[in-house]
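Presented below is the structure to which this report refers.
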Amino acid sequence: MTVSYQGKDYSLVMFDLDDTLAPSKSPLPDEMAAVLARMLDDTMGCVISGGRFTQFEKQVIARLGEFAGAGNLHLMPTCGTQYVRWSGTGWETVYAEYLTDDEKQRTLDVLETGAQELGLWETETWGPILEDRGSQITFSALGQTAPVDAKAAWDPDGAKKESLRAYAAQRLPDLEVRSGGSTSVDVTKKGIDKAYGARKLMDILELGIDDILFFGDRLDEGGNDRPVQDLGITSIAVDGWRDTHEKLSAIVG
């Protein structure tokens with residue numbers, strides 16, 4: 001089955017997670033869970049984000065519960081370096097492209113040193129600042145569980161995390177360094193971004209660029225959703241989950 005947008009049919013709808021389907025690091029709101037489940041009854045969907053799978057479990061899977069369209073839901077944690085899908089009895093990992101121990105350690109060292117030198121290493125945080133997600137190392141300035149309001153206030157124009165991204169990218173030329181969520185910087189193997197995940201999924205599901213519709217809140221130049229649009233996939237820019245809910249509801253009905 002397909003959904004139609006501006007007179008064109010799409011076989012799969014792909015979404016960013018934080019600030020697109022839900023507030024940052026927060027569970028899907030009731031209204032969003034309802035419209036997403038309704039869409040998945042008939043149409044394939046994919047959630048791709050920088051978070052690890054355990055975050056997807058809390059934010060998405062737990063909110064959807066048991067629903068008929070589980071087989072239509074494709075999950076791509078850590079920007080597509082992992083792919084998880086419903087097997088019929090549980091969620092199975094199809095592939096995971098992990099960083100080596102050397103890559104992880106160098107990344108952790110560079111991010112901490114850079115944050116210290118740039119004055120971005122906060123002493124009062126909500127959880128760890130640095131997290132090893134297996135296939136991705138993530139710097140979260142205020143910790144992994146910081147409140148949405150605190151994160152929004154920390155770096156409203158994105159200048160702080162961009163300074164750390166640039167610092168780390170210069171010192172980790174063999175790895176991919178990108179701005180993540182509102183206070184985060186993500187590091188993966190070279191050449192990996194959300195476009196990479198989209199290409200992998202297209203190969204697995206035998207879809208083309210014209211078969212996918214994407215929703216993202218960071219489609220601006222340098223945003224972590226922009227690579228999907230640059231790939232040629234039709235992309236809808238949104239400003240928070242309420243905007244996504246309104247636009248998706250108009251499509252799904």
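Every chain in the structure tokens takes a letter, A first, then B, and so on in the order presented; its residues are numbered from 1, and the ligands are numbered from 1 following the presented order.
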Exercise for the section: Could you give me, as a VMD selection string, each residue of stretch 4-192 of chain A that DSSP assigns to strand (DSSP E or B) when run on this structure's backbone? Expected result: chain A and resid 4 to 5 8 to 10 12 to 15 18 22 44 to 48 73 to 76 82 to 86 91 to 96 130 to 132 137 to 140 175 to 179 184 to 189
Problem - Which of stretch 36-168 of chain A DSSP labels helix (DSSP H, G or I), written as an MDAnalysis selection string - result: chainID A and resid 36:40 53:64 68:72 78:80 101:117 148:154 159:168
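Each of A:Ala169, A:Arg226, A:Phe215, A:Asp109 was compared to A:His245 using only C-alpha atoms, and A:Phe215 turns out to be the nearest.
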Can you build me a table of stretch 179-243 of chain A residues sitting at most 9 Å from stretch 78-94 of chain A, with the closest atom pair per residue and its distance in Å to one decimal, using only C-alpha atoms, sorted by chain and residue number, as CSV?
residue,atom,partner,partner_atom,distance
A:Asp186,CA,A:Thr78,CA,8.6
A:Thr188,CA,A:Thr81,CA,8.0
A:Lys189,CA,A:Thr81,CA,8.6
A:Ile192,CA,A:Thr81,CA,7.3
A:Asp193,CA,A:Cys79,CA,5.6
A:Lys194,CA,A:Cys79,CA,5.1
A:Ala195,CA,A:Gly80,CA,8.4
A:Tyr196,CA,A:Gly80,CA,6.7
A:Gly197,CA,A:Gly80,CA,3.9
A:Ala198,CA,A:Gly80,CA,7.3
A:Lys200,CA,A:Gly80,CA,7.8
A:Leu201,CA,A:Tyr83,CA,8.2
Handout entry: Given only C-alpha atoms as the counted atoms, nearest of A:Arg199, A:Lys8, A:Lys104, A:Lys160 to A:Gly134
Key =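 Once distances to A:Gly134 are computed over only C-alpha atoms, the minimum belongs to A:Lys104.
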For A:Thr244, find every residue with an atom within 10 Å (counting only C-alpha atoms), except residues of its own chain fewer than 4 positions away, and show them as a PDB file with C-alpha atoms, in the first residue's frame.
ATOM      1  CA  PHE A  15      10.949   9.926   9.891  1.00  0.00           C
ATOM      2  CA  ASP A  19      11.830  16.946  17.476  1.00  0.00           C
ATOM      3  CA  THR A  20      10.081  15.301  14.529  1.00  0.00           C
ATOM      4  CA  LEU A  21       8.021  12.445  15.984  1.00  0.00           C
ATOM      5  CA  ALA A  22       8.529  13.378  19.630  1.00  0.00           C
ATOM      6  CA  MET A  32       1.488  10.939  17.255  1.00  0.00           C
ATOM      7  CA  PHE A 215       9.895  14.012   7.477  1.00  0.00           C
ATOM      8  CA  GLY A 216      12.687  15.870   9.307  1.00  0.00           C
ATOM      9  CA  ASP A 217      13.205  18.938  11.483  1.00  0.00           C
ATOM     10  CA  ILE A 236       8.959  17.591   4.284  1.00  0.00           C
ATOM     11  CA  ALA A 237      10.448  20.123   6.707  1.00  0.00           C
ATOM     12  CA  VAL A 238       8.744  20.204  10.096  1.00  0.00           C
ATOM     13  CA  ASP A 239       9.031  22.312  13.225  1.00  0.00           C
ATOM     14  CA  GLY A 240       8.429  19.921  16.101  1.00  0.00           C
ATOM     15  CA  LEU A 248       1.069  13.414   8.507  1.00  0.00           C
ATOM     16  CA  SER A 249      -2.605  13.395   9.516  1.00  0.00           C
ATOM     17  CA  ALA A 250      -3.442  15.286   6.330  1.00  0.00           C
TER      18      ALA A 250
END
Exercise for the section: Extract, using only C-alpha atoms, all DNA, RNA and protein residues at most 12 Å from A:Val35, discarding same-chain residues fewer than 5 positions from it, and format them as a PyMOL selection string. Expected result: chain A and resi 21+28-30+40-43+45+63-64+241-242+244-253
Write out as a tab-separated table the residues of stretch 96-158 of chain A that have any atom within 8 Å of an atom of stretch 176-184 of chain A, one row each with the nearest atom pair and its distance in Å to one decimal, counting only C-alpha atoms, sorted by chain and then rising number.
residue	atom	partner	partner_atom	distance
A:Thr138	CA	A:Ser184	CA	6.6
A:Phe139	CA	A:Ser184	CA	5.2
A:Ser140	CA	A:Ser184	CA	4.4
A:Ala141	CA	A:Thr183	CA	5.5
A:Leu142	CA	A:Thr183	CA	7.2
A:Lys151	CA	A:Thr183	CA	6.2
A:Ala152	CA	A:Ser182	CA	6.6
A:Trp154	CA	A:Thr183	CA	7.4
A:Asp155	CA	A:Thr183	CA	6.8
A:Gly158	CA	A:Ser182	CA	7.4
Would you mind exporting N, CA and C atoms of the selected residues as a PDB file, in the first residue's frame?
ATOM      1  N   THR A 138      28.444   9.458  20.940  1.00  0.00           N
ATOM      2  CA  THR A 138      27.645  10.686  21.003  1.00  0.00           C
ATOM      3  C   THR A 138      28.049  11.552  22.191  1.00  0.00           C
ATOM      4  N   PHE A 139      28.274  12.826  21.907  1.00  0.00           N
ATOM      5  CA  PHE A 139      28.484  13.843  22.922  1.00  0.00           C
ATOM      6  C   PHE A 139      27.160  14.557  23.136  1.00  0.00           C
ATOM      7  N   SER A 140      26.690  14.563  24.371  1.00  0.00           N
ATOM      8  CA  SER A 140      25.473  15.298  24.720  1.00  0.00           C
ATOM      9  C   SER A 140      25.851  16.297  25.813  1.00  0.00           C
ATOM     10  N   ALA A 141      25.855  17.563  25.493  1.00  0.00           N
ATOM     11  CA  ALA A 141      26.430  18.594  26.361  1.00  0.00           C
ATOM     12  C   ALA A 141      25.864  18.591  27.772  1.00  0.00           C
ATOM     13  N   LEU A 142      24.562  18.330  27.908  1.00  0.00           N
ATOM     14  CA  LEU A 142      23.919  18.383  29.220  1.00  0.00           C
ATOM     15  C   LEU A 142      23.581  16.998  29.758  1.00  0.00           C
ATOM     16  N   LYS A 151      17.904  21.903  27.220  1.00  0.00           N
ATOM     17  CA  LYS A 151      18.672  21.688  25.984  1.00  0.00           C
ATOM     18  C   LYS A 151      18.402  22.807  24.978  1.00  0.00           C
ATOM     19  N   ALA A 152      17.156  23.225  24.888  1.00  0.00           N
ATOM     20  CA  ALA A 152      16.816  24.287  23.938  1.00  0.00           C
ATOM     21  C   ALA A 152      17.509  25.597  24.299  1.00  0.00           C
ATOM     22  N   TRP A 154      20.416  25.904  25.931  1.00  0.00           N
ATOM     23  CA  TRP A 154      21.873  25.803  26.004  1.00  0.00           C
ATOM     24  C   TRP A 154      22.555  26.330  24.735  1.00  0.00           C
ATOM     25  N   ASP A 155      21.971  26.043  23.581  1.00  0.00           N
ATOM     26  CA  ASP A 155      22.634  26.405  22.316  1.00  0.00           C
ATOM     27  C   ASP A 155      21.585  26.736  21.257  1.00  0.00           C
ATOM     28  N   GLY A 158      22.853  26.909  17.689  1.00  0.00           N
ATOM     29  CA  GLY A 158      23.677  25.796  17.224  1.00  0.00           C
ATOM     30  C   GLY A 158      25.161  26.081  17.127  1.00  0.00           C
TER      31      GLY A 158
END
Exercise for the section: Write out as a PyMOL selection string the residues lying within 9 Å of A:Leu111, counting only C-alpha atoms and excluding same-chain residues fewer than 5 positions away. Expected result: chain A and resi 106+116+130+138-139+164-165+167-168+185
Could those selected residues go to a file with C-alpha atoms, as a CSV table (one decimal), in the first residue's frame?
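Written out: part-v1.csv:
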chain,number,residue,atom,x,y,z
A,106,ARG,CA,40.2,8.3,19.9
A,116,GLN,CA,37.1,21.3,27.7
A,130,LEU,CA,29.7,10.9,26.4
A,138,THR,CA,27.6,10.7,21.0
A,139,PHE,CA,28.5,13.8,22.9
A,164,LEU,CA,32.9,21.2,18.7
A,165,ARG,CA,31.9,19.4,15.5
A,167,TYR,CA,37.1,20.7,16.3
A,168,ALA,CA,36.5,17.0,16.3
A,185,VAL,CA,27.6,15.7,18.2
Problem - Residue contacts of A:Phe214 (8 Å, only C-alpha atoms) excluding same-chain residues fewer than 5 positions away, as a list of chain:residue names - result: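 What passes the distance filter is A:Val13, A:Met14, A:Phe15, A:Val228, A:Gln229, A:Ile233, A:Thr234, A:Ser235, A:Ile236.
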